[in-house]
Every structure is written in structure tokens, then in C-alpha cells.
$ cat target.cif   # mmCIF, C-alpha atoms
data_run
#
loop_
_atom_site.label_atom_id
_atom_site.label_comp_id
_atom_site.auth_asym_id
_atom_site.auth_seq_id
_atom_site.Cartn_x
_atom_site.Cartn_y
_atom_site.Cartn_z
CA PHE A 201 10.19 188.70 -29.21
CA ILE A 202 8.17 188.96 -32.43
CA GLN A 203 11.30 189.33 -34.59
CA ARG A 204 12.90 186.24 -33.08
CA LEU A 205 9.75 184.21 -33.59
CA GLY A 206 9.63 185.33 -37.21
CA ARG A 207 13.21 184.26 -37.85
CA ILE A 208 12.77 180.90 -36.16
CA MET A 209 9.42 180.08 -37.73
CA ARG A 210 10.45 181.11 -41.28
CA GLN A 211 9.62 178.27 -43.62
CA THR A 212 12.49 176.21 -45.04
CA GLU A 213 12.51 173.77 -47.92
CA ASN A 214 11.85 170.67 -45.82
CA ARG A 215 8.95 172.43 -43.97
CA ARG A 216 9.66 170.52 -40.75
CA LEU A 217 7.95 171.48 -37.51
CA LYS A 218 9.75 174.16 -35.51
CA HIS A 219 9.68 175.12 -31.84
CA ALA A 220 10.76 178.27 -30.03
CA ILE A 221 11.96 177.88 -26.44
CA HIS A 222 12.40 180.92 -24.22
CA LEU A 223 14.18 180.63 -20.89
CA ALA A 224 13.44 183.41 -18.41
CA THR A 225 14.16 183.63 -14.70
CA PRO A 226 11.51 185.02 -12.33
CA GLU A 227 12.57 188.14 -10.41
CA ARG A 228 14.89 189.08 -13.30
CA PRO A 229 14.44 191.69 -16.09
CA ASP A 230 14.29 189.01 -18.79
CA TYR A 231 11.11 187.60 -17.25
CA ASP A 232 9.34 190.95 -17.44
CA ALA A 233 10.70 191.41 -20.97
CA LEU A 234 9.13 188.07 -21.97
CA GLY A 235 5.78 189.24 -20.59
CA ARG A 236 5.99 192.50 -22.55
CA GLY A 237 6.90 190.58 -25.71
CA ILE A 238 3.93 188.26 -25.37
CA ARG A 239 1.57 191.21 -24.83
CA ALA A 240 2.99 192.96 -27.90
CA ALA A 241 2.61 189.81 -30.00
CA ASP A 242 -0.98 189.39 -28.84
CA GLU A 243 -1.78 193.03 -29.68
CA ALA A 244 -0.19 192.55 -33.12
CA GLY A 245 -2.61 189.70 -33.84
CA LEU A 246 -0.25 186.74 -33.59
CA ASN A 247 -1.78 183.40 -32.66
CA LEU A 248 -0.45 182.60 -29.18
CA ALA A 249 -2.50 179.47 -28.56
CA GLY A 250 -0.91 177.33 -25.87
CA ILE A 251 0.92 180.19 -24.14
CA ASP A 252 -0.42 181.03 -20.69
CA SER A 253 0.35 184.73 -21.03
CA ASP A 254 -1.74 185.74 -18.01
CA THR A 255 0.38 183.60 -15.67
CA ILE A 256 3.64 184.88 -17.14
CA VAL A 257 2.58 188.50 -16.75
CA ALA A 258 1.13 187.93 -13.26
CA GLU A 259 4.38 186.38 -12.00
CA GLY A 260 6.52 189.22 -13.32
CA THR A 261 8.14 191.72 -10.95
CA LEU A 262 6.46 194.67 -12.65
CA ASN A 263 3.02 193.19 -12.12
CA ARG A 264 3.77 192.64 -8.43
CA VAL A 265 4.61 196.30 -8.05
CA VAL A 266 1.46 197.31 -9.93
CA GLU A 267 -0.62 195.01 -7.73
CA ALA A 268 0.95 196.54 -4.62
CA VAL A 269 -0.40 199.92 -5.72
CA ASP A 270 -3.92 198.46 -6.02
CA SER A 271 -6.72 200.56 -4.48
CA THR A 272 -4.46 203.01 -2.67
CA HIS A 273 -1.83 205.66 -3.37
CA SER A 274 1.75 204.67 -2.65
CA ARG A 275 5.10 206.43 -2.58
CA PRO A 276 8.24 204.64 -3.87
CA GLY A 277 9.76 204.32 -0.39
CA GLU A 278 6.60 202.73 1.03
CA LEU A 279 6.45 200.22 -1.82
CA ALA A 280 10.14 199.34 -1.48
CA THR A 281 9.56 198.54 2.20
CA ALA A 282 6.37 196.56 1.53
CA LEU A 283 7.97 194.50 -1.26
CA ASN A 284 11.36 194.22 0.49
CA LYS A 285 13.15 195.47 -2.61
CA PRO A 286 15.80 198.16 -3.17
CA TYR A 287 14.38 201.66 -3.60
CA SER A 288 16.11 202.14 -6.96
CA ALA A 289 14.67 198.87 -8.34
CA VAL A 290 11.13 199.79 -7.28
CA GLU A 291 11.52 203.29 -8.71
CA ASP A 292 12.56 201.83 -12.09
CA LEU A 293 9.59 199.43 -12.05
CA LEU A 294 7.18 202.27 -11.23
CA LYS A 295 8.50 204.21 -14.23
CA LYS A 296 7.89 201.16 -16.41
CA GLY A 297 4.39 200.84 -14.95
CA VAL A 298 3.67 204.42 -16.03
CA GLN A 299 5.24 203.90 -19.48
CA GLU A 300 3.20 200.76 -20.10
CA GLY A 301 -0.07 202.41 -19.11
CA HIS A 302 -0.74 200.71 -15.78
CA LEU A 303 -0.01 203.59 -13.42
CA CYS A 304 -0.02 207.36 -13.12
CA TYR A 305 1.25 209.58 -10.31
CA ILE A 306 0.37 212.74 -8.42
CA TYR A 307 2.16 214.75 -5.73
CA GLY A 308 1.67 215.24 -2.02
CA VAL A 309 3.14 218.30 -0.28
CA PRO A 310 5.76 217.33 2.34
CA SER A 311 5.36 218.43 5.96
CA ASP A 312 8.55 220.49 5.58
CA LEU A 313 8.30 222.83 2.60
CA ASP A 314 12.04 223.44 2.81
CA GLU A 315 12.47 220.12 0.99
CA TRP A 316 11.02 221.78 -2.10
CA ARG A 317 12.91 225.06 -1.88
CA SER A 318 15.34 224.34 -4.69
CA ALA A 319 16.63 227.93 -4.70
CA VAL A 320 17.69 228.00 -1.04
CA SER A 321 21.10 226.35 -1.34
CA GLY A 322 21.96 228.37 -4.43
CA LEU A 323 21.02 231.67 -2.76
CA ALA A 324 22.97 230.86 0.37
CA GLU A 325 26.08 230.01 -1.62
CA LYS A 326 25.81 232.97 -3.99
CA PHE A 327 25.41 235.59 -1.26
CA ASN A 328 27.56 233.79 1.32
CA LEU A 329 24.62 233.55 3.72
CA SER A 330 24.57 231.39 6.78
CA GLY A 331 21.89 230.31 9.17
CA ASP A 332 18.74 228.25 9.02
CA SER A 333 17.86 227.46 5.40
CA LEU A 334 14.13 227.67 6.14
CA ASN A 335 14.50 231.31 7.23
CA ILE A 336 16.55 232.06 4.12
CA GLY A 337 13.82 230.52 2.00
CA ASP A 338 11.09 232.54 3.69
CA GLY A 339 13.04 235.73 3.05
CA ALA A 340 13.15 235.13 -0.71
CA THR A 341 10.72 234.06 -3.39
CA ASN A 342 9.90 230.41 -2.88
CA ASN A 343 10.99 228.53 -5.98
CA LEU A 344 9.47 225.13 -5.29
CA SER A 345 10.15 221.91 -7.16
CA PRO A 346 8.95 218.52 -5.87
CA THR A 347 11.08 215.40 -5.95
CA ALA A 348 10.24 211.91 -7.19
CA SER A 349 10.01 210.71 -3.58
CA ASP A 350 6.92 212.92 -3.14
CA ARG A 351 5.02 211.14 -5.89
CA TYR A 352 2.01 209.00 -5.08
CA TYR A 353 1.50 206.25 -7.65
CA ILE A 354 -2.02 205.21 -8.58
CA ARG A 355 -3.46 202.57 -10.87
CA ASN A 356 -5.17 204.30 -13.78
CA ASP A 357 -8.43 202.48 -13.10
CA ASP A 358 -8.43 203.64 -9.47
CA VAL A 359 -8.23 207.39 -10.17
CA PRO A 360 -11.99 208.00 -9.60
CA LEU A 361 -11.85 206.06 -6.33
CA LEU A 362 -8.79 207.97 -5.09
CA ARG A 363 -10.42 211.31 -5.90
CA THR A 364 -13.27 210.36 -3.56
CA GLU A 365 -11.17 208.87 -0.75
CA TYR A 366 -8.31 211.41 -0.75
CA PRO A 367 -9.91 214.74 -1.76
CA HIS A 368 -6.99 216.76 -0.34
CA LEU A 369 -4.86 215.54 -3.27
CA PHE A 370 -7.31 216.95 -5.83
CA ALA A 371 -8.94 220.39 -6.12
CA THR A 372 -10.88 222.50 -8.61
CA ASP A 373 -10.22 225.89 -7.01
CA ASP A 374 -9.78 229.00 -9.17
CA VAL A 375 -6.00 228.63 -9.59
CA LEU A 376 -4.28 229.73 -12.81
CA LEU A 377 -2.25 226.85 -14.23
CA SER A 378 0.31 227.14 -17.03
CA ALA A 379 0.98 223.85 -18.79
CA SER A 380 3.45 222.84 -21.48
CA PHE A 381 2.95 219.35 -22.83
CA GLY A 382 3.46 216.91 -25.69
CA PRO A 383 3.22 213.24 -26.71
CA SER A 384 6.85 212.40 -25.88
CA HIS A 385 9.66 213.59 -23.64
CA ALA A 386 11.37 215.27 -26.59
CA GLU A 387 8.11 217.04 -27.49
CA ARG A 388 7.06 217.91 -23.95
CA SER A 389 7.02 221.65 -24.73
CA THR A 390 5.26 221.45 -28.10
CA HIS A 391 1.86 222.59 -26.81
CA SER A 392 0.73 224.95 -24.08
CA ALA A 393 -2.43 225.81 -22.16
CA ARG A 394 -3.46 228.27 -19.44
CA GLY A 395 -6.48 228.38 -17.17
CA ASP A 396 -8.05 226.53 -14.29
CA ALA A 397 -7.87 222.75 -13.91
CA ALA A 398 -10.90 222.03 -16.12
CA THR A 399 -9.72 224.35 -18.91
CA VAL A 400 -6.18 222.96 -19.04
CA ALA A 401 -7.39 219.34 -18.83
CA LYS A 402 -9.79 219.84 -21.75
CA GLU A 403 -7.09 221.54 -23.85
CA MET A 404 -4.66 218.68 -23.20
CA ASP A 405 -7.28 216.02 -23.89
CA ASP A 406 -8.38 217.66 -27.15
CA THR A 407 -4.81 218.28 -28.37
CA LEU A 408 -3.47 214.81 -27.58
CA THR A 409 -6.36 212.88 -29.16
CA ASP A 410 -4.07 210.76 -31.37
CA ALA A 411 -1.33 210.21 -28.75
CA ASP A 412 -0.89 207.28 -26.37
CA ARG A 413 1.13 209.11 -23.70
CA PHE A 414 1.67 212.62 -22.48
CA TYR A 415 4.57 214.46 -20.87
CA ALA A 416 3.64 217.69 -19.11
CA THR A 417 5.02 220.39 -16.85
CA ILE A 418 2.41 222.37 -14.95
CA SER A 419 3.52 225.63 -13.32
CA VAL A 420 1.85 228.00 -10.88
CA SER A 421 3.21 231.43 -9.94
CA SER A 422 1.91 233.85 -7.34
CA SER A 423 2.91 237.29 -6.08
CA GLN A 424 0.68 237.21 -2.99
CA PRO A 425 1.97 235.14 -1.32
CA PRO A 426 5.19 234.95 -3.39
CA TYR A 427 5.99 231.50 -4.74
CA SER A 428 6.43 229.54 -7.95
CA ILE A 429 6.10 225.81 -8.37
CA GLN A 430 6.78 223.40 -11.23
CA LEU A 431 5.27 219.92 -11.34
CA SER A 432 6.22 217.33 -13.96
CA TYR A 433 3.78 214.58 -14.97
CA HIS A 434 3.85 211.62 -17.34
CA GLY A 435 1.04 209.22 -18.08
CA THR A 436 -1.50 207.67 -20.41
CA VAL A 437 -3.69 209.91 -22.52
CA ILE A 438 -7.06 209.16 -20.98
CA GLU A 439 -9.42 211.78 -19.62
CA PRO A 440 -9.47 210.64 -15.94
CA VAL A 441 -5.66 210.74 -15.70
CA ILE A 442 -5.31 214.12 -17.41
CA THR A 443 -8.06 215.61 -15.23
CA ALA A 444 -6.43 214.12 -12.13
CA ILE A 445 -3.02 215.71 -12.73
CA CYS A 446 -4.56 219.14 -13.34
CA GLU A 447 -6.65 218.87 -10.18
CA ASN A 448 -3.59 217.64 -8.29
CA ALA A 449 -1.52 220.63 -9.45
CA THR A 450 -4.35 222.86 -8.21
CA ALA A 451 -4.45 221.09 -4.83
CA VAL A 452 -0.66 221.38 -4.43
CA ALA A 453 -0.73 225.10 -5.28
CA THR A 454 -3.62 225.72 -2.89
CA GLU A 455 -1.87 223.98 0.00
CA VAL A 456 1.48 225.68 -0.69
CA SER A 457 -0.21 229.08 -0.87
CA GLY A 458 -1.94 228.55 2.47
CA ARG A 459 1.23 227.40 4.19
CA ILE A 460 3.41 230.27 2.93
CA GLU A 461 0.73 232.84 3.73
CA ALA A 462 0.37 231.46 7.24
#
$ encode --input "target.cif" --output "C-alpha cells"
Amino acid sequence: FIQRLGRIMRQTENRRLKHAIHLATPERPDYDALGRGIRAADEAGLNLAGIDSDTIVAEGTLNRVVEAVDSTHSRPGELATALNKPYSAVEDLLKKGVQEGHLCYIYGVPSDLDEWRSAVSGLAEKFNLSGDSLNIGDGATNNLSPTASDRYYIRNDDVPLLRTEYPHLFATDDVLLSASFGPSHAERSTHSARGDAATVAKEMDDTLTDADRFYATISVSSSQPPYSIQLSYHGTVIEPVITAICENATAVATEVSGRIEA
């Protein structure tokens, strides 16, 4: 957007007045791209007098998804139903919402833990086992890995509110977390931290001071009861979000431990 404006507005010898016209169709990717371009130009200090950027952004599909997440926690499937849009389209928009700093996400444990037993099918095939996969999973170490459908998306500004209204999704119990993290997907294993939720959150916050985003994998392993779980997170480097994901990993581990032990 900025590059095109620069090319069009470049002064020529006759110095005649120039105009830039952008055609974008609501409900299409180009409309959201126009909104992102206007925001970038505004942040870069360009004079955008006469452009109603707030209306353009508000009418974009991405903003509608972000608004649908307002003041609650929402899974992709629930949002797709509420907005009457394909699941894949909503999932892509949620990812953009996270990338652009509007949203973050945490995990909720499904009612059926077998959905997270990623090792079950592999064990059954390798040893030619048959029978109920849940029983097979209980007879082996539970290697648990959540799916994107188990993510609850939250507006960054609403994290403190959600912690109060949905305490079961956050915990500060004495659970040992192992985190690998970095400022980009390619650098997601650059740094590491171990400890409880508060210790890991502080280490991440202090290390990523100069970064805009973080990519992290938080793992928990236990021998009694036996299980291991890996949770991937991505979000904006602000203290409430980083604290929330560490507390969420603790809450997930606590609930998984109780269920397997029972």
C-alpha cells in the first residue's frame, strides 16, 4: 500500500495533482489487505487526512471475527457457526488476528482425553493391537498433544476478565513447566525456561523485551501419573498474555493429571 502510494505520488516535471484510487470488495481478502495497509501507513507517519480508516477496518472480515470474540472465549467451530462462515476461513482469520496483535489463545481439555492421545494409533499399528483405543492409551504412557480445535481465542485486552470469569482455564499450582520459545516461528527454540508458571512467564517476558511476538512450546511430563503433554502458543509479547499462557499450561496439566490418576 505504502509503496504504491509512493510510486503514484512521485513528483513529475509538470507537478500536477495526483489521486490514488483503491477498489476493494467487502467480504474479500483485498478489503482486509486495504485495512492493514492503511494501519501500516498511519503507523509509519503518513498523512492520511480524508481517509476514514476506522470505518474501513471495522467493515473488514477480520474485524468482524475479532469482535465476535469480544468479552468471551471462543473456539473456531463456535465462531464459524455464529458468523455463518466456513471453518477453514474463520481459522485463517483467527490466525491473522493473533499475528496482528488482536487475539491470543489458550487450551481447554476435551471431555474425551483420547482425542489428545497422539501415540495411540501409532502404538496400535506398530504392535498390531486391536480393541478400544482408549484402553490401549491407558495401558501406555499418555503422549498428549492438543489440536487447534481445542483452542479458545481471547482478545488481548480481555485476558484479565477471562482469568476472573473462567478460573478453570488458568492455574498457578506447583507444576514444573519446560518452555522453549523465541520471537519468530523459525526461532521458536532459541530460548528455554523451566519452573512454575510465574517463573517461566517472567523469564519469557524478560528475554523477549525487544520482540513484538512470541512463539512457544510448553511441555509438562510426569511419572506419577504417567503422561507428557506439549502445548504450542503464539501471541503478542505483553505480560498479561505471556502470564496467561503459562497459567493455562498449568491448568491443562493439572486437569490431565487428575483425570489420568482417577
$ resolve_selection --input "target.cif" --expression "the PyMOL selection byres ((chain A and resi 380-395) around 7)" --output "ChimeraX atom specification"
/A:376-379,396-397,399-400,403,408,411,413-418
$ write_last_selection --input "target.cif" --atoms "C-alpha atoms" --output "PDB file, in the frame of the given file"
ATOM      1  CA  LEU A 376      -4.280 229.730 -12.810  1.00  0.00           C
ATOM      2  CA  LEU A 377      -2.250 226.850 -14.230  1.00  0.00           C
ATOM      3  CA  SER A 378       0.310 227.140 -17.030  1.00  0.00           C
ATOM      4  CA  ALA A 379       0.980 223.850 -18.790  1.00  0.00           C
ATOM      5  CA  ASP A 396      -8.050 226.530 -14.290  1.00  0.00           C
ATOM      6  CA  ALA A 397      -7.870 222.750 -13.910  1.00  0.00           C
ATOM      7  CA  THR A 399      -9.720 224.350 -18.910  1.00  0.00           C
ATOM      8  CA  VAL A 400      -6.180 222.960 -19.040  1.00  0.00           C
ATOM      9  CA  GLU A 403      -7.090 221.540 -23.850  1.00  0.00           C
ATOM     10  CA  LEU A 408      -3.470 214.810 -27.580  1.00  0.00           C
ATOM     11  CA  ALA A 411      -1.330 210.210 -28.750  1.00  0.00           C
ATOM     12  CA  ARG A 413       1.130 209.110 -23.700  1.00  0.00           C
ATOM     13  CA  PHE A 414       1.670 212.620 -22.480  1.00  0.00           C
ATOM     14  CA  TYR A 415       4.570 214.460 -20.870  1.00  0.00           C
ATOM     15  CA  ALA A 416       3.640 217.690 -19.110  1.00  0.00           C
ATOM     16  CA  THR A 417       5.020 220.390 -16.850  1.00  0.00           C
ATOM     17  CA  ILE A 418       2.410 222.370 -14.950  1.00  0.00           C
TER      18      ILE A 418
END
$ atom_distance --input "target.cif" --atom1 "CA of Glu315 in chain A" --atom2 "CA of Leu283 in chain A"
26.1 Å
$ atom_distance --input "target.cif" --atom1 "CA of Leu294 in chain A" --atom2 "CA of Leu313 in chain A"
24.8 Å
$ residues_around --input "target.cif" --residues "range 442-449 of chain A" --least-positions-apart "6" --cutoff "8 Å" --atoms "all atoms listed in the file" --output "ChimeraX atom specification"
/A:305-307,359,363,369-372,377,397-398,400-402,404-405,418,431,433
$ write_last_selection --input "target.cif" --atoms "C-alpha atoms" --output "PDB file, in the coordinates of the input"
ATOM      1  CA  TYR A 305       1.250 209.580 -10.310  1.00  0.00           C
ATOM      2  CA  ILE A 306       0.370 212.740  -8.420  1.00  0.00           C
ATOM      3  CA  TYR A 307       2.160 214.750  -5.730  1.00  0.00           C
ATOM      4  CA  VAL A 359      -8.230 207.390 -10.170  1.00  0.00           C
ATOM      5  CA  ARG A 363     -10.420 211.310  -5.900  1.00  0.00           C
ATOM      6  CA  LEU A 369      -4.860 215.540  -3.270  1.00  0.00           C
ATOM      7  CA  PHE A 370      -7.310 216.950  -5.830  1.00  0.00           C
ATOM      8  CA  ALA A 371      -8.940 220.390  -6.120  1.00  0.00           C
ATOM      9  CA  THR A 372     -10.880 222.500  -8.610  1.00  0.00           C
ATOM     10  CA  LEU A 377      -2.250 226.850 -14.230  1.00  0.00           C
ATOM     11  CA  ALA A 397      -7.870 222.750 -13.910  1.00  0.00           C
ATOM     12  CA  ALA A 398     -10.900 222.030 -16.120  1.00  0.00           C
ATOM     13  CA  VAL A 400      -6.180 222.960 -19.040  1.00  0.00           C
ATOM     14  CA  ALA A 401      -7.390 219.340 -18.830  1.00  0.00           C
ATOM     15  CA  LYS A 402      -9.790 219.840 -21.750  1.00  0.00           C
ATOM     16  CA  MET A 404      -4.660 218.680 -23.200  1.00  0.00           C
ATOM     17  CA  ASP A 405      -7.280 216.020 -23.890  1.00  0.00           C
ATOM     18  CA  ILE A 418       2.410 222.370 -14.950  1.00  0.00           C
ATOM     19  CA  LEU A 431       5.270 219.920 -11.340  1.00  0.00           C
ATOM     20  CA  TYR A 433       3.780 214.580 -14.970  1.00  0.00           C
TER      21      TYR A 433
END
$ atom_distance --input "target.cif" --atom1 "CA of Asn343 in chain A" --atom2 "CA of Leu303 in chain A"
28.3 Å
